[in-house]
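*Asks:* Provided herewith: final22.cif, mmCIF, C-alpha atoms and all ligand atoms.
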data_start
#
loop_
_atom_site.label_atom_id
_atom_site.label_comp_id
_atom_site.auth_asym_id
_atom_site.auth_seq_id
_atom_site.Cartn_x
_atom_site.Cartn_y
_atom_site.Cartn_z
CA MET D 1 -15.84 -14.00 -3.05
CA LYS D 2 -17.64 -11.53 -5.25
CA TYR D 3 -14.75 -9.08 -5.67
CA GLU D 4 -12.03 -11.63 -6.19
CA VAL D 5 -9.72 -11.65 -9.18
CA ASP D 6 -10.71 -14.08 -11.99
CA HIS D 7 -8.37 -16.69 -13.43
CA ARG D 8 -7.14 -14.23 -16.09
CA GLY D 9 -6.21 -11.69 -13.48
CA TYR D 10 -9.18 -9.35 -13.90
CA TYR D 11 -11.29 -7.52 -11.38
CA GLY D 12 -14.28 -6.71 -13.58
CA GLN D 13 -12.82 -4.79 -16.51
CA PHE D 14 -9.55 -3.95 -14.69
CA GLY D 15 -6.32 -5.87 -14.17
CA GLY D 16 -4.70 -8.38 -16.51
CA ALA D 17 -1.04 -8.57 -17.47
CA TYR D 18 0.04 -6.06 -20.11
CA ILE D 19 3.73 -6.81 -20.33
CA PRO D 20 6.46 -6.92 -22.93
CA GLU D 21 6.89 -10.38 -24.41
CA MET D 22 10.38 -10.63 -22.89
CA LEU D 23 8.86 -10.51 -19.41
CA TYR D 24 6.29 -13.17 -20.10
CA PRO D 25 8.28 -16.19 -18.75
CA ASN D 26 8.96 -14.44 -15.40
CA VAL D 27 5.37 -13.41 -14.83
CA GLU D 28 4.07 -16.76 -16.05
CA GLU D 29 6.30 -18.60 -13.57
CA LEU D 30 4.83 -16.52 -10.77
CA ARG D 31 1.28 -16.91 -11.99
CA ASN D 32 1.60 -20.69 -12.20
CA ASN D 33 3.06 -21.05 -8.73
CA TYR D 34 1.99 -18.28 -6.39
CA LEU D 35 -1.27 -19.77 -5.15
CA ASN D 36 0.13 -23.22 -4.52
CA ILE D 37 3.06 -21.78 -2.62
CA ILE D 38 1.33 -19.18 -0.49
CA THR D 39 -1.62 -21.36 0.50
CA ASP D 40 0.72 -24.16 1.55
CA GLU D 41 0.66 -24.86 5.26
CA SER D 42 4.42 -24.63 5.79
CA PHE D 43 4.53 -21.30 3.94
CA GLN D 44 1.71 -19.90 6.05
CA LYS D 45 3.46 -21.08 9.20
CA ALA D 46 6.76 -19.41 8.25
CA PHE D 47 4.95 -16.23 7.14
CA HIS D 48 2.95 -15.87 10.36
CA GLN D 49 5.92 -16.72 12.54
CA LEU D 50 7.91 -13.84 11.03
CA LEU D 51 4.95 -11.49 11.17
CA LYS D 52 4.74 -12.24 14.88
CA ASP D 53 8.39 -12.33 15.94
CA TYR D 54 9.97 -9.94 13.46
CA VAL D 55 7.25 -7.46 12.47
CA GLY D 56 5.55 -7.43 15.87
CA ARG D 57 2.09 -8.59 14.82
CA PRO D 58 -0.70 -8.56 15.66
CA THR D 59 -0.60 -4.77 15.66
CA PRO D 60 -2.93 -3.27 18.28
CA LEU D 61 -6.43 -2.06 17.53
CA PHE D 62 -6.44 1.03 19.70
CA PHE D 63 -9.59 2.81 20.90
CA ALA D 64 -8.89 6.50 20.27
CA ASN D 65 -10.86 8.06 23.07
CA ARG D 66 -10.30 11.76 22.47
CA LEU D 67 -10.60 11.45 18.69
CA SER D 68 -13.88 9.60 19.27
CA GLU D 69 -15.20 12.42 21.43
CA LYS D 70 -14.34 14.96 18.80
CA TYR D 71 -16.01 13.14 15.88
CA LYS D 72 -18.83 11.59 17.93
CA ALA D 73 -18.27 7.97 16.96
CA LYS D 74 -16.32 5.01 18.36
CA ILE D 75 -13.03 5.37 16.55
CA TYR D 76 -10.35 2.69 16.57
CA LEU D 77 -6.88 2.94 15.06
CA LYS D 78 -5.32 -0.15 13.48
CA ARG D 79 -1.70 0.47 14.42
CA GLU D 80 0.29 -0.51 11.32
CA ASP D 81 2.59 2.35 12.34
CA LEU D 82 3.94 -0.02 14.99
CA CYS D 83 5.19 -2.56 12.46
CA HIS D 84 8.95 -3.03 12.22
CA THR D 85 10.26 -0.41 9.72
CA GLY D 86 7.31 1.83 10.53
CA ALA D 87 4.59 0.86 8.08
CA HIS D 88 2.49 -1.94 6.62
CA LYS D 89 4.80 -2.45 3.63
CA VAL D 90 6.90 -5.07 5.43
CA ASN D 91 3.92 -7.49 5.56
CA ASN D 92 4.19 -7.79 1.79
CA THR D 93 7.98 -7.87 1.50
CA ILE D 94 8.13 -10.75 4.01
CA GLY D 95 5.54 -12.66 2.01
CA GLN D 96 7.31 -12.08 -1.28
CA ILE D 97 10.78 -12.96 -0.05
CA LEU D 98 9.51 -16.27 1.35
CA LEU D 99 7.90 -16.89 -2.04
CA ALA D 100 11.14 -16.00 -3.85
CA GLN D 101 13.03 -18.52 -1.71
CA ARG D 102 10.56 -21.24 -2.56
CA LEU D 103 10.94 -20.41 -6.25
CA GLY D 104 14.69 -20.92 -5.84
CA LYS D 105 15.59 -17.27 -6.49
CA LYS D 106 18.90 -15.90 -5.23
CA LYS D 107 18.51 -12.17 -5.89
CA ILE D 108 15.87 -9.57 -5.24
CA ILE D 109 15.18 -6.39 -7.14
CA ALA D 110 12.72 -3.64 -6.33
CA GLU D 111 11.84 -0.14 -7.40
CA THR D 112 11.15 2.63 -4.97
CA GLY D 113 9.89 6.21 -5.12
CA ALA D 114 10.07 7.74 -1.66
CA GLY D 115 12.21 4.86 -0.47
CA GLN D 116 9.79 3.21 1.96
CA HIS D 117 9.29 0.09 -0.15
CA GLY D 118 13.03 0.01 -0.87
CA VAL D 119 13.78 0.06 2.86
CA ALA D 120 11.23 -2.69 3.57
CA THR D 121 12.76 -4.79 0.79
CA ALA D 122 16.36 -4.16 1.90
CA THR D 123 15.28 -5.11 5.43
CA VAL D 124 13.91 -8.54 4.53
CA CYS D 125 16.84 -9.22 2.18
CA ALA D 126 19.22 -8.63 5.08
CA LEU D 127 17.06 -10.90 7.23
CA MET D 128 17.21 -13.70 4.66
CA GLY D 129 20.76 -13.11 3.43
CA MET D 130 19.68 -12.36 -0.13
CA GLU D 131 21.29 -9.98 -2.57
CA CYS D 132 19.24 -6.82 -3.03
CA VAL D 133 19.27 -4.22 -5.79
CA VAL D 134 16.88 -1.28 -5.52
CA TYR D 135 16.23 1.05 -8.45
CA MET D 136 15.43 4.62 -7.55
CA GLY D 137 15.11 7.75 -9.66
CA GLN D 138 18.12 10.00 -9.28
CA VAL D 139 15.89 12.94 -8.33
CA ASP D 140 14.18 10.82 -5.66
CA MET D 141 17.57 9.73 -4.32
CA GLU D 142 18.44 13.36 -3.71
CA ARG D 143 15.03 14.11 -2.13
CA GLN D 144 15.00 11.01 0.10
CA ARG D 145 18.59 10.81 1.25
CA PRO D 146 17.94 9.17 4.67
CA ASN D 147 16.11 6.26 3.04
CA VAL D 148 18.92 5.81 0.51
CA GLU D 149 21.39 5.55 3.39
CA ARG D 150 19.09 3.20 5.31
CA MET D 151 19.05 0.83 2.34
CA ARG D 152 22.83 1.01 2.08
CA ILE D 153 23.30 0.35 5.80
CA LEU D 154 21.09 -2.72 5.33
CA GLY D 155 23.43 -3.92 2.61
CA ALA D 156 21.36 -3.15 -0.48
CA LYS D 157 22.72 -1.67 -3.67
CA VAL D 158 20.81 1.43 -4.73
CA VAL D 159 20.96 2.08 -8.46
CA PRO D 160 19.99 5.54 -9.75
CA ALA D 161 17.55 5.66 -12.65
CA THR D 162 18.70 8.48 -14.89
CA SER D 163 16.14 8.36 -17.72
CA GLY D 164 12.97 10.50 -18.05
CA ASN D 165 12.05 12.57 -15.01
CA MET D 166 14.36 10.37 -12.93
CA THR D 167 11.52 9.41 -10.55
CA LEU D 168 9.42 6.34 -9.76
CA LYS D 169 8.23 5.56 -13.28
CA ASP D 170 11.80 5.52 -14.56
CA ALA D 171 12.98 3.37 -11.65
CA THR D 172 10.19 0.91 -12.52
CA ASN D 173 11.39 0.75 -16.13
CA GLU D 174 14.96 0.04 -15.03
CA ALA D 175 13.82 -2.68 -12.63
CA MET D 176 11.77 -4.32 -15.40
CA ARG D 177 14.79 -4.21 -17.72
CA HIS D 178 16.95 -5.84 -15.05
CA TRP D 179 14.34 -8.57 -14.57
CA ILE D 180 14.14 -9.30 -18.29
CA ASN D 181 17.91 -9.76 -18.37
CA ASN D 182 18.05 -11.97 -15.23
CA PRO D 183 14.89 -14.07 -15.39
CA SER D 184 16.00 -17.29 -13.73
CA ASP D 185 17.74 -16.17 -10.53
CA THR D 186 15.88 -12.96 -9.67
CA HIS D 187 12.53 -12.10 -8.09
CA TYR D 188 11.05 -8.63 -8.49
CA ILE D 189 9.26 -7.43 -5.34
CA ILE D 190 6.52 -4.94 -6.21
CA GLY D 191 5.41 -2.82 -3.26
CA SER D 192 1.70 -2.25 -3.78
CA VAL D 193 -1.39 -3.88 -5.33
CA VAL D 194 -0.21 -2.73 -8.76
CA GLY D 195 1.63 -4.33 -11.67
CA PRO D 196 0.67 -7.28 -13.87
CA HIS D 197 -1.36 -10.21 -12.54
CA PRO D 198 -0.60 -11.98 -10.18
CA TYR D 199 1.01 -9.11 -8.24
CA PRO D 200 -2.15 -7.24 -7.20
CA ASP D 201 -3.79 -10.42 -5.90
CA MET D 202 -0.61 -11.64 -4.25
CA VAL D 203 0.08 -8.35 -2.46
CA ALA D 204 -3.57 -8.05 -1.36
CA ARG D 205 -3.42 -11.54 0.13
CA PHE D 206 -0.26 -10.74 2.09
CA GLN D 207 -1.71 -7.46 3.37
CA SER D 208 -5.07 -9.08 4.21
CA VAL D 209 -3.54 -10.00 7.58
CA ILE D 210 -4.62 -6.46 8.57
CA SER D 211 -8.37 -7.09 8.25
CA ASP D 212 -7.99 -10.65 9.50
CA GLU D 213 -6.64 -9.25 12.77
CA MET D 214 -9.27 -6.51 12.82
CA ARG D 215 -12.03 -9.15 12.71
CA LYS D 216 -10.58 -10.99 15.68
CA GLN D 217 -9.80 -7.85 17.66
CA LEU D 218 -13.26 -6.37 17.13
CA THR D 219 -14.86 -9.65 18.15
CA GLU D 220 -12.93 -9.42 21.40
CA THR D 221 -13.74 -5.79 22.09
CA ILE D 222 -17.25 -5.24 20.70
CA GLY D 223 -18.50 -8.81 20.37
CA ASN D 224 -18.68 -9.02 16.57
CA PRO D 225 -16.18 -8.72 13.73
CA PHE D 226 -17.94 -5.95 11.81
CA PRO D 227 -17.18 -2.25 12.10
CA ASP D 228 -19.56 0.26 10.51
CA TYR D 229 -16.73 1.97 8.64
CA VAL D 230 -13.16 1.23 7.58
CA PHE D 231 -11.02 4.14 6.37
CA ALA D 232 -7.67 3.75 4.60
CA CYS D 233 -5.48 5.99 2.46
CA VAL D 234 -4.84 4.90 -1.13
CA GLY D 235 -1.60 5.39 -3.02
CA GLY D 236 -1.32 2.21 -5.06
CA GLY D 237 -3.76 0.76 -2.56
CA SER D 238 -2.02 -2.01 -0.62
CA ASN D 239 -2.81 -0.92 2.94
CA ALA D 240 -6.40 -0.22 1.88
CA ALA D 241 -6.70 -3.60 0.14
CA GLY D 242 -5.43 -5.25 3.31
CA ALA D 243 -7.81 -3.33 5.56
CA PHE D 244 -10.85 -3.96 3.30
CA TYR D 245 -10.07 -7.53 2.22
CA HIS D 246 -12.11 -9.61 4.65
CA TYR D 247 -15.01 -7.14 4.61
CA LEU D 248 -15.51 -6.90 0.86
CA ASP D 249 -18.46 -9.30 0.86
CA SER D 250 -19.97 -7.80 4.02
CA GLU D 251 -21.89 -5.05 2.27
CA HIS D 252 -23.07 -3.47 5.53
CA VAL D 253 -19.48 -2.47 6.32
CA ASN D 254 -18.82 0.93 4.72
CA LEU D 255 -15.39 0.98 3.11
CA VAL D 256 -13.77 4.34 2.41
CA GLY D 257 -10.61 4.91 0.36
CA VAL D 258 -8.91 8.26 0.82
CA GLU D 259 -6.84 9.73 -2.00
CA ALA D 260 -4.47 12.67 -1.96
CA ALA D 261 -6.05 15.79 -3.45
CA GLY D 262 -2.72 17.63 -3.26
CA LYS D 263 -3.42 21.33 -3.70
CA GLY D 264 -7.04 20.55 -4.63
CA VAL D 265 -8.69 18.05 -6.97
CA SER D 266 -9.01 20.60 -9.80
CA SER D 267 -5.75 22.46 -9.12
CA GLY D 268 -3.68 20.53 -11.64
CA GLU D 269 -1.51 19.39 -8.72
CA SER D 270 -3.25 16.34 -7.34
CA ALA D 271 -3.11 12.57 -7.05
CA ALA D 272 -6.87 11.94 -6.74
CA THR D 273 -7.03 9.16 -9.31
CA THR D 274 -10.68 8.15 -9.02
CA ALA D 275 -11.77 11.78 -9.41
CA LEU D 276 -9.45 12.55 -12.33
CA GLY D 277 -8.49 9.25 -13.90
CA LYS D 278 -9.68 7.31 -16.92
CA PRO D 279 -9.12 3.67 -17.87
CA GLY D 280 -5.71 2.96 -19.34
CA VAL D 281 -2.68 0.72 -18.88
CA LEU D 282 -0.11 1.52 -16.22
CA HIS D 283 2.75 -0.66 -15.00
CA GLY D 284 1.35 -3.81 -16.54
CA SER D 285 -2.32 -3.66 -15.69
CA LYS D 286 -5.48 -2.00 -16.93
CA THR D 287 -6.67 0.43 -14.32
CA LEU D 288 -7.72 4.01 -13.70
CA LEU D 289 -4.96 6.52 -14.20
CA MET D 290 -4.49 10.23 -14.57
CA GLN D 291 -3.74 10.95 -18.22
CA THR D 292 -4.04 13.60 -20.89
CA GLU D 293 -6.54 13.43 -23.78
CA ASP D 294 -3.99 11.54 -25.84
CA GLY D 295 -3.10 9.10 -23.10
CA GLN D 296 0.10 10.60 -21.66
CA VAL D 297 0.43 9.87 -17.96
CA VAL D 298 -0.05 13.07 -15.94
CA GLU D 299 2.55 13.75 -13.23
CA PRO D 300 0.78 13.34 -9.90
CA TYR D 301 1.37 15.59 -6.93
CA SER D 302 0.90 15.16 -3.19
CA ILE D 303 2.80 16.44 -0.17
CA SER D 304 2.96 12.80 0.82
CA ALA D 305 5.50 10.80 -1.17
CA GLY D 306 3.64 7.51 -0.65
CA LEU D 307 0.41 8.79 -2.25
CA ASP D 308 2.11 10.55 -5.14
CA TYR D 309 1.13 7.94 -7.77
CA PRO D 310 -0.81 8.55 -11.02
CA GLY D 311 -2.91 5.38 -10.79
CA ILE D 312 -4.47 2.94 -8.34
CA GLY D 313 -4.36 -0.84 -8.24
CA PRO D 314 -6.92 -2.59 -10.47
CA ILE D 315 -8.78 -3.99 -7.46
CA HIS D 316 -9.55 -0.42 -6.38
CA ALA D 317 -10.53 0.66 -9.89
CA HIS D 318 -13.08 -2.16 -9.76
CA LEU D 319 -14.25 -1.36 -6.23
CA PHE D 320 -14.73 2.25 -7.33
CA ASP D 321 -16.53 1.19 -10.50
CA THR D 322 -18.95 -1.07 -8.62
CA GLY D 323 -19.46 1.45 -5.83
CA ARG D 324 -18.40 -1.07 -3.18
CA VAL D 325 -15.77 1.37 -1.88
CA LYS D 326 -16.49 5.06 -1.54
CA PHE D 327 -13.54 7.20 -2.58
CA VAL D 328 -12.97 10.64 -1.10
CA SER D 329 -9.92 12.87 -0.91
CA ALA D 330 -8.02 15.18 1.41
CA THR D 331 -5.77 18.07 0.42
CA ASP D 332 -2.21 18.61 1.64
CA ASP D 333 -3.38 21.16 4.20
CA GLU D 334 -6.21 18.98 5.47
CA ALA D 335 -3.85 16.03 5.88
CA MET D 336 -1.19 18.09 7.66
CA ASN D 337 -3.80 19.52 10.06
CA ALA D 338 -5.10 16.02 10.73
CA GLY D 339 -1.57 14.82 11.43
CA ILE D 340 -1.12 17.53 14.03
CA GLU D 341 -4.60 16.85 15.43
CA LEU D 342 -3.88 13.14 15.90
CA SER D 343 -0.56 14.01 17.52
CA ARG D 344 -2.28 16.34 20.00
CA LEU D 345 -5.33 14.18 20.72
CA GLU D 346 -3.77 10.73 20.91
CA GLY D 347 -0.01 11.20 21.17
CA ILE D 348 0.54 9.53 17.80
CA ILE D 349 2.42 11.33 15.01
CA PRO D 350 1.18 9.60 11.85
CA ALA D 351 2.80 9.22 8.45
CA ILE D 352 1.39 11.94 6.22
CA GLU D 353 -0.13 9.22 4.04
CA SER D 354 -2.08 7.91 7.02
CA ALA D 355 -3.05 11.43 8.10
CA HIS D 356 -5.11 11.65 4.90
CA ALA D 357 -7.40 8.91 6.27
CA VAL D 358 -7.92 10.88 9.48
CA ALA D 359 -8.50 14.13 7.60
CA VAL D 360 -11.82 13.08 6.02
CA LEU D 361 -13.69 12.16 9.22
CA ASN D 362 -15.51 15.51 9.14
CA GLN D 363 -16.95 14.63 5.70
CA PHE D 364 -19.12 11.93 7.37
CA GLU D 365 -22.17 12.01 9.61
CA PHE D 366 -21.67 9.25 12.16
CA ASP D 367 -24.12 7.88 14.70
CA PRO D 368 -22.63 7.96 18.18
CA ASP D 369 -22.64 4.14 18.24
CA ASP D 370 -20.88 3.73 14.89
CA VAL D 371 -17.68 1.73 15.10
CA VAL D 372 -15.08 3.33 12.85
CA VAL D 373 -11.68 1.78 12.11
CA ILE D 374 -8.93 3.92 10.61
CA ASN D 375 -6.02 1.98 9.18
CA LEU D 376 -3.01 3.94 10.41
CA SER D 377 -0.64 2.74 7.71
CA GLY D 378 2.59 4.22 9.06
CA ARG D 379 4.34 6.44 11.54
CA GLY D 380 5.50 9.98 11.04
CA ASP D 381 9.22 9.70 11.81
CA LYS D 382 10.10 9.64 8.11
CA ASP D 383 8.01 12.79 7.58
CA LEU D 384 9.51 14.97 10.25
CA GLU D 385 11.19 17.23 7.67
CA THR D 386 7.84 17.77 5.95
CA TYR D 387 6.10 18.57 9.23
CA ILE D 388 8.87 21.03 10.09
CA ARG D 389 8.78 22.71 6.68
CA TRP D 390 4.97 22.99 6.89
CA GLY D 391 5.48 24.58 10.30
CA LYS D 392 1.92 25.27 11.48
CA TYR D 393 1.92 23.64 14.89
C1 LIG Y 401 3.72 3.49 0.80
C2 LIG Y 401 2.79 3.97 1.84
C3 LIG Y 401 1.42 4.18 1.57
C4 LIG Y 401 0.82 4.05 0.21
O1 LIG Y 401 0.87 2.78 -0.35
P1 LIG Y 401 -0.41 1.84 -0.46
O2 LIG Y 401 0.05 0.74 -1.36
O3 LIG Y 401 -1.51 2.66 -1.04
O4 LIG Y 401 -0.75 1.37 0.90
C5 LIG Y 401 0.59 4.56 2.62
N1 LIG Y 401 1.08 4.75 3.85
C6 LIG Y 401 2.39 4.57 4.16
C7 LIG Y 401 2.85 4.81 5.54
C8 LIG Y 401 3.27 4.17 3.16
O5 LIG Y 401 4.57 4.00 3.46
#
Could you express the structure from this file as structure tokens?
Ligand SMILES: *Cc1c(COP(=O)(O)O)cnc(C)c1O
*Replies:*
Amino acid sequence: MKYEVDHRGYYGQFGGAYIPEMLYPNVEELRNNYLNIITDESFQKAFHQLLKDYVGRPTPLFFANRLSEKYKAKIYLKREDLCHTGAHKVNNTIGQILLAQRLGKKKIIAETGAGQHGVATATVCALMGMECVVYMGQVDMERQRPNVERMRILGAKVVPATSGNMTLKDATNEAMRHWINNPSDTHYIIGSVVGPHPYPDMVARFQSVISDEMRKQLTETIGNPFPDYVFACVGGGSNAAGAFYHYLDSEHVNLVGVEAAGKGVSSGESAATTALGKPGVLHGSKTLLMQTEDGQVVEPYSISAGLDYPGIGPIHAHLFDTGRVKFVSATDDEAMNAGIELSRLEGIIPAIESAHAVAVLNQFEFDPDDVVVINLSGRGDKDLETYIRWGKY
């Protein structure tokens, strides 16, 4: 595969493993073992069994009739919103917990910003009877109270990160510190295609079930596996990596990543990394990130907590660099309007992250026969407060 990671963990000039020396043994253990474990037949069997019986896969590929009429194309929705826990994230946490078991780990740690990855992690830890500690910025814990309580109901311990801005970055630092101090019995579950190699590749492989199913489902419905377009929102980029994965070498399939423009790309309150970012190192890999002249990470902003990230995974930095994926963006208002539109046209209230992918349809000129797949990464239940506060419906 042309866009695959190389043996050093690079996608073109991006990726690698920029980690403190103390973390080296943990990451090295993963790097030496992940491919053997996850390509093993018994692992794949256990993984797919759980995806089927526990997550509810395959998720439907739904023909959105009224949306199609409006945008004059054949639009399908890949319904990741129907996954157990309400989003695609659980595909990855199931994969990683099975891996952790095979590495003989007894405890799981994770970091979380909005709490979605923390909930997905707490969920699979309960399922497997493993101890779970989730680090979360104290400010985020106050903002995302229901998810904090969900994690606690599931039996996880939620530890507040009280350094810095007390948000995601600080939670990540605390989780790393924990991992350094407990290398032999603990696995760190990262929630997107970010972090040091091998995490981006590993997470992309687990999420690639999305495009694997799309190929089969399209073959059944339209007679061939190839859509003309695939749209997916990009925070760190895991749902997009999963939706693009099996189409990367099929250059006739247009792949579109949608970032959060927040209040506008040039407003100073945005999370549109490809538009604003420059190469740098973030959370253990070289990638594109939003930073000041002297390399300080710029605080990102988006109405959607899941897209509020100052970087993107190295695979996406490379796909942007090579032009294989076209990156566009939607503002808060555009995403909220699209969320309401999808609710009214199809009876589906999307996560605000996913609404960003719907919001850019009017930036494209489709042929009436074009087959367009939107990866609907999650459902809107968690965002009800935000919809209510926005109020225009
Ligand atoms: C976390 C989240 C995202 C963003 O994460 P990616 O790694 O970019 O996929 C998107 N949609 C939903 C519903 C999420 O929960």
*Asks:* Compile the contact shell of D:Glu346 as an mmCIF file with C-alpha atoms, in the coordinates of the input: residues with an atom at most 10 Å away, counting all atoms listed in the file, same-chain residues fewer than 2 positions apart removed.
*Replies:*
data_model
loop_
_atom_site.group_PDB
_atom_site.id
_atom_site.type_symbol
_atom_site.label_atom_id
_atom_site.label_comp_id
_atom_site.auth_asym_id
_atom_site.auth_seq_id
_atom_site.Cartn_x
_atom_site.Cartn_y
_atom_site.Cartn_z
ATOM 1 C CA PHE D 63 -9.590 2.810 20.900
ATOM 2 C CA ALA D 64 -8.890 6.500 20.270
ATOM 3 C CA ASN D 65 -10.860 8.060 23.070
ATOM 4 C CA ARG D 66 -10.300 11.760 22.470
ATOM 5 C CA LEU D 67 -10.600 11.450 18.690
ATOM 6 C CA GLU D 341 -4.600 16.850 15.430
ATOM 7 C CA LEU D 342 -3.880 13.140 15.900
ATOM 8 C CA SER D 343 -0.560 14.010 17.520
ATOM 9 C CA ARG D 344 -2.280 16.340 20.000
ATOM 10 C CA ILE D 348 0.540 9.530 17.800
ATOM 11 C CA ILE D 349 2.420 11.330 15.010
#
*Asks:* Any residue with an atom at most 9 Å from ligand LIG 401 (chain Y) counts, using all atoms listed in the file. Which are they? Put them as a short mmCIF file (atom, residue, chain, number, x, y, z; two decimals) with C-alpha atoms, keeping the file's coordinate frame.
*Replies:*
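Now in selection06.cif:
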data_model
loop_
_atom_site.label_atom_id
_atom_site.label_comp_id
_atom_site.auth_asym_id
_atom_site.auth_seq_id
_atom_site.Cartn_x
_atom_site.Cartn_y
_atom_site.Cartn_z
CA GLU D 80 0.29 -0.51 11.32
CA ASP D 81 2.59 2.35 12.34
CA GLY D 86 7.31 1.83 10.53
CA ALA D 87 4.59 0.86 8.08
CA HIS D 88 2.49 -1.94 6.62
CA LYS D 89 4.80 -2.45 3.63
CA GLY D 113 9.89 6.21 -5.12
CA ALA D 114 10.07 7.74 -1.66
CA GLY D 115 12.21 4.86 -0.47
CA GLN D 116 9.79 3.21 1.96
CA HIS D 117 9.29 0.09 -0.15
CA GLY D 191 5.41 -2.82 -3.26
CA SER D 192 1.70 -2.25 -3.78
CA VAL D 193 -1.39 -3.88 -5.33
CA VAL D 194 -0.21 -2.73 -8.76
CA ALA D 232 -7.67 3.75 4.60
CA CYS D 233 -5.48 5.99 2.46
CA VAL D 234 -4.84 4.90 -1.13
CA GLY D 235 -1.60 5.39 -3.02
CA GLY D 236 -1.32 2.21 -5.06
CA GLY D 237 -3.76 0.76 -2.56
CA SER D 238 -2.02 -2.01 -0.62
CA ASN D 239 -2.81 -0.92 2.94
CA ALA D 240 -6.40 -0.22 1.88
CA ALA D 241 -6.70 -3.60 0.14
CA GLY D 242 -5.43 -5.25 3.31
CA GLU D 259 -6.84 9.73 -2.00
CA SER D 304 2.96 12.80 0.82
CA ALA D 305 5.50 10.80 -1.17
CA GLY D 306 3.64 7.51 -0.65
CA LEU D 307 0.41 8.79 -2.25
CA ASP D 308 2.11 10.55 -5.14
CA TYR D 309 1.13 7.94 -7.77
CA ILE D 312 -4.47 2.94 -8.34
CA GLY D 313 -4.36 -0.84 -8.24
CA PRO D 350 1.18 9.60 11.85
CA ALA D 351 2.80 9.22 8.45
CA ILE D 352 1.39 11.94 6.22
CA GLU D 353 -0.13 9.22 4.04
CA SER D 354 -2.08 7.91 7.02
CA ALA D 355 -3.05 11.43 8.10
CA LEU D 376 -3.01 3.94 10.41
CA SER D 377 -0.64 2.74 7.71
CA GLY D 378 2.59 4.22 9.06
CA ARG D 379 4.34 6.44 11.54
CA GLY D 380 5.50 9.98 11.04
#
*Asks:* So what do you get for atom CA of D:Phe206 versus atom CA of D:Gly347, distance-wise?
*Replies:*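 Between atom CA of D:Phe206 and atom CA of D:Gly347 the gap works out to 29.1 Å.
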*Asks:* Go ahead and compute the interatomic distance for atom CA of D:His356 and atom CA of D:Val325, in Å to one decimal.
*Replies:* 16.3 Å
*Asks:* I'd like to know which of D:Asp6, D:Leu30, D:Glu69, D:Val203 is closest to D:Leu345, using only C-alpha atoms.
*Replies:*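 Under the stated criterion, the closest residue is D:Glu69.
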*Asks:* Given the choices D:Val27, D:Val139, D:Leu99, D:Val371, which gets closest to D:Phe226 if the distance is worked out from all atoms listed in the file?
*Replies:*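 Under the stated criterion, the closest residue is D:Val371.
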*Asks:* Counting all atoms listed in the file, which residues come within 10 Å of (18.3, -9.4, -6.6), with the point read in the file's coordinates, and could you list them as a list in words?
*Replies:*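 With a cut-off of 10 Å, the residues come to Lys105, Lys106, Lys107, Ile108, Ile109, Ala110, Cys125, Met130, Glu131, Cys132, Val133, Val134, Ala156, Lys157, His178, Trp179, Asn182, Asp185, Thr186, His187, Tyr188 and Ile189 of chain D.
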*Asks:* To one decimal place in Å, what is the distance between atom CA of D:Gly118 and atom CA of D:Val360?
*Replies:*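 Interatomic distance here is 28.9 Å.
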*Asks:* Select, from D:Thr167, D:Val281, D:Met141, D:Val119, the residue with the minimum atom-to-atom distance to D:Leu154, counting only C-alpha atoms.
*Replies:*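 Among the listed residues, the smallest separation from D:Leu154 belongs to D:Val119.
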*Asks:* At a cut-off of 10 Å, using only C-alpha atoms, what residues contact stretch 271-280 of chain D? Leave out same-chain residues fewer than 4 positions from it and give the result as a PyMOL selection string.
*Replies:* chain D and resi 13-14+234-236+257-266+285-293+295-304+307-312+314+316-317+320-321+326-331
*Asks:* Which neighbours of D:Asn254 fall inside 7 Å, counting all atoms listed in the file, when residues of the same chain fewer than 6 positions from it are skipped, and could you give them as a short mmCIF file (atom, residue, chain, number, x, y, z; two decimals) with C-alpha atoms, keeping the file's coordinate frame?
*Replies:*
data_model
loop_
_atom_site.label_atom_id
_atom_site.label_comp_id
_atom_site.auth_asym_id
_atom_site.auth_seq_id
_atom_site.Cartn_x
_atom_site.Cartn_y
_atom_site.Cartn_z
CA ASP D 228 -19.56 0.26 10.51
CA TYR D 229 -16.73 1.97 8.64
CA VAL D 230 -13.16 1.23 7.58
#
*Asks:* Would you kindly identify which residues have an atom no farther than 8 Å from (-15.1, -5.9, 6.7), using only C-alpha atoms and the file's own coordinates, and write them out as a PyMOL selection string?
*Replies:* chain D and resi 211+215+225-227+230+243-250+253+255
*Asks:* Counting only C-alpha atoms, which of D:Ile374, D:Ala335, D:Leu35, D:Ala73 gets nearest to D:Tyr387?
*Replies:*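 The shortest atom-to-atom distance to D:Tyr387 comes from D:Ala335.
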*Asks:* Smallest atom-to-atom distance to D:Glu174: which of D:Pro196, D:Tyr135, D:Leu50, D:Ile153, using all atoms listed in the file?
*Replies:* D:Tyr135
*Asks:* Which one of D:Gly323, D:Pro183, D:Gly129, D:Gly12 sits closest to D:Pro25 if you count only C-alpha atoms?
*Replies:*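 Looking at the shortest contact to D:Pro25, the residue is D:Pro183.
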*Asks:* With 3 Å of padding per side, what axis-aligned box (centre and edge lengths, Å, one decimal) covers all the listed atoms of stretch 88-104 of chain D? Give it as lines of an AutoDock Vina configuration file.
*Replies:*
center_x = 8.6
center_y = -11.6
center_z = 0.2
size_x = 18.2
size_y = 25.3
size_z = 18.9
